[in-house]
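S.K.: My structure is below; once you've seen it, I'll send some questions.
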Amino acid sequence: MNESQPVRILVIEDDLVTARLLKKRLEKTGYTIEHARDSDSGISKVVSENFDVLVVDYSLPGRNGLEVIRILGAKGIFPSTIMVTGSGDERIAVEAMKLGAKDYIVKDDEGRYLEFLPRVVERLLSERNLIQEKQKAVAALTETQARYQALFENTPLGLYRTSPDGQFIDANPALIQLLGLPDRESLFNMKATDFYKEPIDRSRWQELMERQSVVNSYEVEIIRLDGSTIWVEDNGRAIRDTTGKILYYEGSLQNISDRKRTEEEFRRMLVANSAIAELSNSLLSSETIESISNLVLDNARSLTGSIIGYVSYIDPLTGHHICAAMTAEIGELFQIKEKEDLSGKIVGLWKWPLETKRPLLTNSASGDPRFALPEQNKVVIKRFLSTPVLLGEKLLGQICMANASRDYTALDLATLERLASLYAVALERKRADDAIVRARDFYITVLEEFPTLIWRSGLDGRFDYFNKTWLAFTGRSLQQELGDNWMSGIHSSEAQKFNRVYQSSFRARKAFEIEFRLRRYDGVYRWVINTGRPFFDLEGKFAGYIGSCLDITEQKEVEEKLRDMSHRDGLTQLYNRSFFEEELARTERSRNYPVTVLMADVDELKKTNDTLGHAEGDKLLLRAAEILRVAFRPEDIVARIGGDEFAVILPGVDTGVAKTIVSRLKSRLEEHNRSYPDRPLQLSLGTATASKSMPLTGVLNEADERMYQEKMAKASSTTRNSS
């Protein structure tokens with residue numbers, strides 16, 4: 001009984017004495033009792049109020065108890081009813097039960113039925129509660145099934161169930177849409193193997209299922225009904241019978257084509273950043289415009305995956321459009337050679353960027369309304385990418401690429417535009433250098449608008465000129481920068497080094513090149529490469545230095561990422577052996593003693609590789625790496641130095657602390673293995689400590705020997721136990 005809502009019982013009894021006895025007896029049990037003296041008032045109460053149990057006497061004024069039950073039933077009201085009769089007439093009892101009564105009680109002269117009535121009420125309430133619980137369970141099951149079906153039908157993931165031979169058993173609408181099928185029936189007429197671009201991928205998937213019953217994040221390229229391909233991530237499991245036989249597979253497919261494209265674009269972006277950063281120095285050191293153009297052409301082709309293309313410039317004296325570098329197909333297409341004029345020969349897509357000073361990208365060249373080619377052309381152009389080479393609004397040339405093996409993307413266009421910017425700078429710098437050779441100090445008029453940061457120093461070594469680009473970069477006036485004042489913008493950790501290099505180069509009258517951080521107008525320090533060269537007046541006498549600064553911040557960031565990658569183990573992402581040895585030498589030089597070296601070896605890795613495959617062996621190594629990674633301080637150097645060997649440098653750790661660390665590490669290992677009862681990870685450990693200055697290679701060898709002794713002791717113990 002729910003104490004917050006007491007059970008309400010209505011007693012319909014015309015005898016007031018009997019009614020009072022019934023009420024008193026039932027209230028002792030904790031029930032709430034209402035009384036009606038006749039059938040009509042009783043029916044009215046039941047209709048207007050909620051009662052859990054109805055106790056109705058058969059003999060009532062007007063309508064009898066059977067008629068009360070019949071009228072309530074006609075109204076659709078069926079409380080748990082007990083018929084009370086003054087005689088043992090079974091016909092009344094049977095009729096009452098037919099009409100919906102749950103039980104009946106016969107009055108006796110001694111009043112024993114009053115003691116029996118509460119037990120009948122309790123039984124009826126229990127039966128009602130059981131019925132209600134059953135109804136709730138059925139409703140909950142129905143709701144759960146409905147929710148599951150709704151979830152199955154409406155989830156955006158493609159859900160499947162297939163037999164071991166690939167026959168589809170069930171699939172949701174998202175899977176049908178993912179595969180490009182018109183309806184479910186079409187899917188059931190095909191097999192899962194029909195959609196794999198490479199059949200070997202299905203075989204590998206089934207091998208994994210057979211071995212481990214679960215496959216997560218399995219990436220595979222599939223073919224849709226229309227022939228297009230997409231990348232999907234498969235997460236599935238094998239359902240087996242009691243004998244271990246696979247009954248069917250079930251899982252989900254998610255379209256990850258966008259993610260794969262993003263990953264590929266990011267990889268290509270890193271490659272492009274690195275290549276362009278390296279190219280920037282090469283362009284500015286090249287001797288001729290043709291060599292500059294060939295460098296740009298080679299990088300444009302490799303970074304965009306293009307087969308054919310050319311790089312051109314506008315001759316500032318004649319205005320001719322000169323082809324400075326090209327692939328063989330361009331010569332065939334336009335019937336030209338390198339260094340020849342393209343004016344009047346290029347048409348359509350090739351000419352449009354020059355006329356509009358806007359870039360152009362199309363992956364359906366022949367369908368583009370701007371498409372046109374010379375007559376009798378044998379070169380088929382499928383995809384096209386081009387950008388004008390601009391310096392401000394000034395047109396300096398063009399870079400054209402065509403026929404990549406894949407569609408061009410916005411990244412390709414951005415890469416080409418960056419190459420065009422470098423090419424423009426290189427062209428202008430080359431022309432500026434040529435102008436300096438021809439007219440010495442006349443270069444100032446060129447350098448003033450030059451997009452590169454330019455400076456000059458005089459015979460006294462003091463800086464007497466900075467161009468507009470420099471001043472815009474630093475946000476300072478020419479007066480603020482003159483002399484040595486500009487060096488206040490160099491990062492404090494690098495200013496002294498620059499001054500030393502500059503002074504020694506100035507005395508020796510030789511060129512120099514140095515990298516440092518220079519403060520920009522917004523307070524942000526940017527990495528620049530400062531190149532300085534001595535220059536001479538018209539009589540050939542030394543007149544001072546002229547130099548330039550190029551912003552190489554992006555290049556430095558890429559180099560830093562690559563440097564970090566070179567120090568990392570490819571599998572575990574811990575430090576590698578090379579970095580570990582460097583840090584061991586550095587720690588020895590720092591004399592930060594005591595120093596402890598810990599060696600760890602993954603037991604039975606070869607056995608795992610030989611019996612379960614290298615993928616399982618790699619999982620052991622990754623588990624070992626994770627345990628070691630979280631077990632040590634940020635300043636400790638944790639590295640993988642061999643196939644199954646790990647090493648840790650612990651600066652400032654003596655022998656006592658080292659024992660505590662080893663004990664804690666073993667506890668972590670035991671805790672970890674509780675999650676892998678069938679495939680526990682075992683490590684052999686060894687430590688050695690240098691309490692004072694001494695070669696750390698000896699400490700490393702000592703730790704390695706102790707680790708080896710522990711491994712041999714384990715092997716010996718295993719042999720004794722097995723025998």
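Letters A, B, ... go to the chains of the structure tokens in the order shown; residues in each chain start at 1; ligands are counted from 1 in the same order.
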Name the residues in contact with A:Met694 at a cut-off of 10 Å, using only C-alpha atoms, excluding same-chain residues fewer than 5 positions from it; report them as a ChimeraX atom specification.
M.R.: /A:588-589,591,593,595,699
S.K.: Could the residues in this selection be written to a file with N, CA and C atoms, as an mmCIF file, in the first residue's frame?
M.R.:
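Saved to selection12.cif:
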data_model
loop_
_atom_site.group_PDB
_atom_site.id
_atom_site.type_symbol
_atom_site.label_atom_id
_atom_site.label_comp_id
_atom_site.auth_asym_id
_atom_site.auth_seq_id
_atom_site.Cartn_x
_atom_site.Cartn_y
_atom_site.Cartn_z
ATOM 1 N N GLU A 588 73.949 14.850 -18.169
ATOM 2 C CA GLU A 588 75.300 14.641 -17.629
ATOM 3 C C GLU A 588 76.070 15.960 -17.562
ATOM 4 N N ARG A 589 75.910 16.807 -18.586
ATOM 5 C CA ARG A 589 76.606 18.101 -18.595
ATOM 6 C C ARG A 589 76.033 19.056 -17.553
ATOM 7 N N ARG A 591 74.960 18.374 -14.675
ATOM 8 C CA ARG A 591 75.382 17.965 -13.319
ATOM 9 C C ARG A 591 74.241 18.099 -12.297
ATOM 10 N N TYR A 593 72.619 16.276 -10.214
ATOM 11 C CA TYR A 593 72.619 14.988 -9.527
ATOM 12 C C TYR A 593 71.892 15.107 -8.190
ATOM 13 N N VAL A 595 70.874 11.474 -10.245
ATOM 14 C CA VAL A 595 70.111 11.143 -11.450
ATOM 15 C C VAL A 595 69.866 9.643 -11.455
ATOM 16 N N VAL A 699 75.588 4.309 -15.952
ATOM 17 C CA VAL A 699 74.363 4.144 -15.161
ATOM 18 C C VAL A 699 73.292 3.459 -16.006
#
S.K.: Could you list, as an MDAnalysis selection string, every residue within 8 Å of A:Asp636, counting only C-alpha atoms and ignoring same-chain residues fewer than 3 positions away?
M.R.: chainID A and resid 632:633 648:651
S.K.: Write out as a PDB file with C-alpha atoms, in the first residue's frame the residues lying within 12 Å of A:Ser663, counting only C-alpha atoms and excluding same-chain residues fewer than 4 positions away.
M.R.:
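This is the output file selection_8.pdb:
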ATOM      1  CA  ALA A 631      53.566   7.410 -14.113  1.00  0.00           C
ATOM      2  CA  GLY A 656      65.280   5.658  -2.049  1.00  0.00           C
ATOM      3  CA  VAL A 657      62.869   7.624  -4.206  1.00  0.00           C
ATOM      4  CA  ALA A 658      63.683   5.343  -7.148  1.00  0.00           C
ATOM      5  CA  LYS A 659      62.539   2.294  -5.128  1.00  0.00           C
ATOM      6  CA  SER A 667      51.111  -1.232  -8.527  1.00  0.00           C
ATOM      7  CA  ARG A 668      49.872   0.713 -11.549  1.00  0.00           C
ATOM      8  CA  LEU A 669      50.734  -2.273 -13.732  1.00  0.00           C
ATOM      9  CA  GLU A 670      48.750  -4.644 -11.511  1.00  0.00           C
ATOM     10  CA  LEU A 685      62.346  -3.220 -14.595  1.00  0.00           C
ATOM     11  CA  GLY A 686      65.801  -2.106 -13.570  1.00  0.00           C
ATOM     12  CA  THR A 687      67.152   1.097 -12.072  1.00  0.00           C
TER      13      THR A 687
END
S.K.: Just the residues within 8 Å of stretch 298-309 of chain A, please, counting only C-alpha atoms, with nothing from its chain fewer than 3 positions along; format it as a list in words.
M.R.: Arg268, Val271, Ala272, Ala275, Asn294, Leu295, Met326, Thr327, Ala328, Glu329, Ile330, Ile399, Cys400, Met401, Ala402, Asn403, Ala404, Ser405, Arg406, Tyr408, Asp412, Thr415, Leu416 and Leu419 of chain A
S.K.: Store the residues picked out above in a file with C-alpha atoms, as a PDB file, in the first residue's frame.
M.R.:
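Saved to result_32.pdb:
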ATOM      1  CA  ARG A 268      48.959  18.775 -48.137  1.00  0.00           C
ATOM      2  CA  VAL A 271      53.722  19.920 -47.150  1.00  0.00           C
ATOM      3  CA  ALA A 272      52.927  23.150 -48.977  1.00  0.00           C
ATOM      4  CA  ALA A 275      57.949  23.596 -49.398  1.00  0.00           C
ATOM      5  CA  ASN A 294      61.697  26.865 -63.043  1.00  0.00           C
ATOM      6  CA  LEU A 295      61.734  26.580 -59.239  1.00  0.00           C
ATOM      7  CA  MET A 326      57.014  25.218 -69.103  1.00  0.00           C
ATOM      8  CA  THR A 327      56.283  21.521 -69.495  1.00  0.00           C
ATOM      9  CA  ALA A 328      56.661  19.832 -72.884  1.00  0.00           C
ATOM     10  CA  GLU A 329      52.883  19.724 -73.400  1.00  0.00           C
ATOM     11  CA  ILE A 330      52.695  23.532 -73.346  1.00  0.00           C
ATOM     12  CA  ILE A 399      51.169  30.675 -63.229  1.00  0.00           C
ATOM     13  CA  CYS A 400      49.014  28.089 -65.062  1.00  0.00           C
ATOM     14  CA  MET A 401      48.499  24.447 -64.071  1.00  0.00           C
ATOM     15  CA  ALA A 402      46.304  21.775 -65.667  1.00  0.00           C
ATOM     16  CA  ASN A 403      45.245  18.119 -65.570  1.00  0.00           C
ATOM     17  CA  ALA A 404      45.840  17.072 -61.977  1.00  0.00           C
ATOM     18  CA  SER A 405      44.917  13.433 -61.330  1.00  0.00           C
ATOM     19  CA  ARG A 406      42.298  14.639 -58.826  1.00  0.00           C
ATOM     20  CA  TYR A 408      41.618  20.933 -57.717  1.00  0.00           C
ATOM     21  CA  ASP A 412      45.489  24.222 -54.415  1.00  0.00           C
ATOM     22  CA  THR A 415      48.982  27.391 -52.620  1.00  0.00           C
ATOM     23  CA  LEU A 416      49.286  28.726 -56.168  1.00  0.00           C
ATOM     24  CA  LEU A 419      53.670  30.820 -54.961  1.00  0.00           C
TER      25      LEU A 419
END
S.K.: State, in Å with one decimal place, the distance from atom CA of A:Ser80 to atom CA of A:Val11.
M.R.: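 Atom CA of A:Val11 lies at a distance of 12.1 Å from atom CA of A:Ser80.
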S.K.: Any chance you could list, as a ChimeraX atom specification, the residues in stretch 434-576 of chain A that come up strand (DSSP E) when DSSP is run on the backbone?
M.R.: /A:453-457,463-466,512-519,525-536,542-551
S.K.: Measuring atom to atom with only C-alpha atoms, identify which of A:Lys606, A:Tyr160, A:Thr288, A:Ala192 is nearest to A:Gly236.
M.R.: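 The answer is A:Tyr160, which sits nearest to A:Gly236.
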S.K.: Given the choices A:Pro6, A:Gly643, A:Gly251, A:Gly331, which gets closest to A:Leu175 if the distance is worked out from only C-alpha atoms?
M.R.: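 That would be A:Gly251, the residue with the smallest distance to A:Leu175.
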S.K.: Can you pull out the residues contacting stretch 387-394 of chain A? Cut-off 9 Å, using only C-alpha atoms, and skip same-chain residues under 2 positions away; I want them as a ChimeraX atom specification.
M.R.: /A:312-313,353-354,356-361,385,396-400,413,416-417,419-421,423-425,428,451
S.K.: Please, could you write that set of residues out with N, CA and C atoms as a PDB file, in the first residue's frame?
M.R.:
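Output below, filename again-v9.pdb:
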ATOM      1  N   SER A 312      55.098  32.393 -66.347  1.00  0.00           N
ATOM      2  CA  SER A 312      55.469  33.458 -67.278  1.00  0.00           C
ATOM      3  C   SER A 312      55.655  34.774 -66.539  1.00  0.00           C
ATOM      4  N   TYR A 313      56.278  35.747 -67.216  1.00  0.00           N
ATOM      5  CA  TYR A 313      56.413  37.088 -66.653  1.00  0.00           C
ATOM      6  C   TYR A 313      56.189  38.111 -67.758  1.00  0.00           C
ATOM      7  N   PRO A 353      42.715  34.874 -66.688  1.00  0.00           N
ATOM      8  CA  PRO A 353      43.320  35.459 -65.478  1.00  0.00           C
ATOM      9  C   PRO A 353      44.161  36.704 -65.772  1.00  0.00           C
ATOM     10  N   LEU A 354      44.797  36.747 -66.954  1.00  0.00           N
ATOM     11  CA  LEU A 354      45.588  37.925 -67.308  1.00  0.00           C
ATOM     12  C   LEU A 354      44.685  39.129 -67.557  1.00  0.00           C
ATOM     13  N   THR A 356      41.580  39.644 -66.391  1.00  0.00           N
ATOM     14  CA  THR A 356      40.763  40.047 -65.231  1.00  0.00           C
ATOM     15  C   THR A 356      41.583  40.276 -63.966  1.00  0.00           C
ATOM     16  N   LYS A 357      42.847  39.807 -63.974  1.00  0.00           N
ATOM     17  CA  LYS A 357      43.695  39.840 -62.774  1.00  0.00           C
ATOM     18  C   LYS A 357      43.043  39.073 -61.619  1.00  0.00           C
ATOM     19  N   ARG A 358      42.353  37.998 -61.977  1.00  0.00           N
ATOM     20  CA  ARG A 358      41.690  37.159 -60.983  1.00  0.00           C
ATOM     21  C   ARG A 358      42.080  35.706 -61.191  1.00  0.00           C
ATOM     22  N   PRO A 359      42.162  34.915 -60.099  1.00  0.00           N
ATOM     23  CA  PRO A 359      42.492  33.493 -60.231  1.00  0.00           C
ATOM     24  C   PRO A 359      41.324  32.711 -60.835  1.00  0.00           C
ATOM     25  N   LEU A 360      41.613  31.506 -61.323  1.00  0.00           N
ATOM     26  CA  LEU A 360      40.597  30.684 -61.971  1.00  0.00           C
ATOM     27  C   LEU A 360      40.824  29.221 -61.615  1.00  0.00           C
ATOM     28  N   LEU A 361      39.751  28.542 -61.188  1.00  0.00           N
ATOM     29  CA  LEU A 361      39.791  27.113 -60.868  1.00  0.00           C
ATOM     30  C   LEU A 361      38.566  26.463 -61.484  1.00  0.00           C
ATOM     31  N   LEU A 385      43.816  25.342 -63.471  1.00  0.00           N
ATOM     32  CA  LEU A 385      44.067  26.184 -62.305  1.00  0.00           C
ATOM     33  C   LEU A 385      45.087  27.248 -62.693  1.00  0.00           C
ATOM     34  N   LEU A 396      52.560  41.144 -63.067  1.00  0.00           N
ATOM     35  CA  LEU A 396      53.947  40.766 -63.342  1.00  0.00           C
ATOM     36  C   LEU A 396      54.056  39.488 -64.163  1.00  0.00           C
ATOM     37  N   GLY A 397      52.993  38.672 -64.196  1.00  0.00           N
ATOM     38  CA  GLY A 397      53.087  37.404 -64.917  1.00  0.00           C
ATOM     39  C   GLY A 397      51.920  36.496 -64.599  1.00  0.00           C
ATOM     40  N   GLN A 398      52.150  35.191 -64.763  1.00  0.00           N
ATOM     41  CA  GLN A 398      51.060  34.225 -64.600  1.00  0.00           C
ATOM     42  C   GLN A 398      51.634  32.858 -64.262  1.00  0.00           C
ATOM     43  N   ILE A 399      50.866  32.087 -63.473  1.00  0.00           N
ATOM     44  CA  ILE A 399      51.169  30.675 -63.229  1.00  0.00           C
ATOM     45  C   ILE A 399      49.948  29.881 -63.649  1.00  0.00           C
ATOM     46  N   CYS A 400      50.112  28.933 -64.569  1.00  0.00           N
ATOM     47  CA  CYS A 400      49.014  28.089 -65.062  1.00  0.00           C
ATOM     48  C   CYS A 400      49.340  26.629 -64.821  1.00  0.00           C
ATOM     49  N   LEU A 413      44.407  26.315 -54.934  1.00  0.00           N
ATOM     50  CA  LEU A 413      44.387  27.698 -55.394  1.00  0.00           C
ATOM     51  C   LEU A 413      45.149  28.598 -54.429  1.00  0.00           C
ATOM     52  N   LEU A 416      48.813  28.077 -54.945  1.00  0.00           N
ATOM     53  CA  LEU A 416      49.286  28.726 -56.168  1.00  0.00           C
ATOM     54  C   LEU A 416      49.397  30.244 -55.965  1.00  0.00           C
ATOM     55  N   GLU A 417      48.454  30.812 -55.220  1.00  0.00           N
ATOM     56  CA  GLU A 417      48.511  32.255 -54.972  1.00  0.00           C
ATOM     57  C   GLU A 417      49.707  32.620 -54.096  1.00  0.00           C
ATOM     58  N   LEU A 419      52.521  30.930 -54.051  1.00  0.00           N
ATOM     59  CA  LEU A 419      53.670  30.820 -54.961  1.00  0.00           C
ATOM     60  C   LEU A 419      53.765  32.059 -55.844  1.00  0.00           C
ATOM     61  N   ALA A 420      52.598  32.553 -56.281  1.00  0.00           N
ATOM     62  CA  ALA A 420      52.595  33.751 -57.124  1.00  0.00           C
ATOM     63  C   ALA A 420      53.135  34.952 -56.354  1.00  0.00           C
ATOM     64  N   SER A 421      52.793  35.043 -55.067  1.00  0.00           N
ATOM     65  CA  SER A 421      53.302  36.143 -54.248  1.00  0.00           C
ATOM     66  C   SER A 421      54.819  36.053 -54.105  1.00  0.00           C
ATOM     67  N   TYR A 423      56.804  34.518 -56.149  1.00  0.00           N
ATOM     68  CA  TYR A 423      57.361  34.762 -57.489  1.00  0.00           C
ATOM     69  C   TYR A 423      57.415  36.262 -57.770  1.00  0.00           C
ATOM     70  N   ALA A 424      56.353  36.974 -57.372  1.00  0.00           N
ATOM     71  CA  ALA A 424      56.333  38.425 -57.578  1.00  0.00           C
ATOM     72  C   ALA A 424      57.464  39.090 -56.806  1.00  0.00           C
ATOM     73  N   VAL A 425      57.651  38.671 -55.546  1.00  0.00           N
ATOM     74  CA  VAL A 425      58.729  39.240 -54.736  1.00  0.00           C
ATOM     75  C   VAL A 425      60.082  38.922 -55.353  1.00  0.00           C
ATOM     76  N   GLU A 428      60.641  40.986 -58.508  1.00  0.00           N
ATOM     77  CA  GLU A 428      60.944  42.376 -58.181  1.00  0.00           C
ATOM     78  C   GLU A 428      62.312  42.503 -57.540  1.00  0.00           C
ATOM     79  N   PRO A 451      57.784  45.220 -51.383  1.00  0.00           N
ATOM     80  CA  PRO A 451      56.979  44.551 -50.351  1.00  0.00           C
ATOM     81  C   PRO A 451      57.804  43.880 -49.258  1.00  0.00           C
TER      82      PRO A 451
END
S.K.: Taking only C-alpha atoms into account, name the residue in A:Ser126, A:Ser477, A:Thr697, A:Thr242 that is nearest to A:Glu581.
M.R.: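 The answer is A:Thr697, which sits nearest to A:Glu581.
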S.K.: What is the atom CA of A:Arg664-atom CA of A:Tyr676 distance in Å, reported with one decimal?
M.R.: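 Spanning atom CA of A:Arg664 to atom CA of A:Tyr676 is a straight-line distance of 19.0 Å.
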S.K.: At what distance in Å, to one decimal, does atom CA of A:Gly30 lie from atom CA of A:Glu122?
M.R.: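 Taking atom CA of A:Glu122 and atom CA of A:Gly30, their separation equals 11.0 Å.
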S.K.: Give me the residues near A:Arg204 as a PyMOL selection string, where near means some atom within 12 Å (using only C-alpha atoms) and where sequence neighbours in that chain fewer than 6 positions away do not count.
M.R.: chain A and resi 196+198+210-211+215+218-220
S.K.: For A:Thr362, work out the shell of residues within 10 Å, counting only C-alpha atoms and skipping chain neighbours fewer than 6 positions away, then give it as a PDB file with C-alpha atoms, in the first residue's frame.
M.R.:
ATOM      1  CA  LEU A 349      40.904  29.869 -69.821  1.00  0.00           C
ATOM      2  CA  ASP A 368      33.441  26.073 -68.945  1.00  0.00           C
ATOM      3  CA  LYS A 382      40.271  18.327 -68.122  1.00  0.00           C
ATOM      4  CA  ARG A 383      41.071  20.434 -65.047  1.00  0.00           C
ATOM      5  CA  PHE A 384      42.523  23.918 -64.970  1.00  0.00           C
ATOM      6  CA  LEU A 385      44.067  26.184 -62.305  1.00  0.00           C
ATOM      7  CA  SER A 386      45.683  29.576 -62.810  1.00  0.00           C
ATOM      8  CA  ALA A 402      46.304  21.775 -65.667  1.00  0.00           C
ATOM      9  CA  ASP A 407      39.994  17.640 -58.598  1.00  0.00           C
ATOM     10  CA  TYR A 408      41.618  20.933 -57.717  1.00  0.00           C
ATOM     11  CA  THR A 409      40.605  22.384 -54.342  1.00  0.00           C
TER      12      THR A 409
END
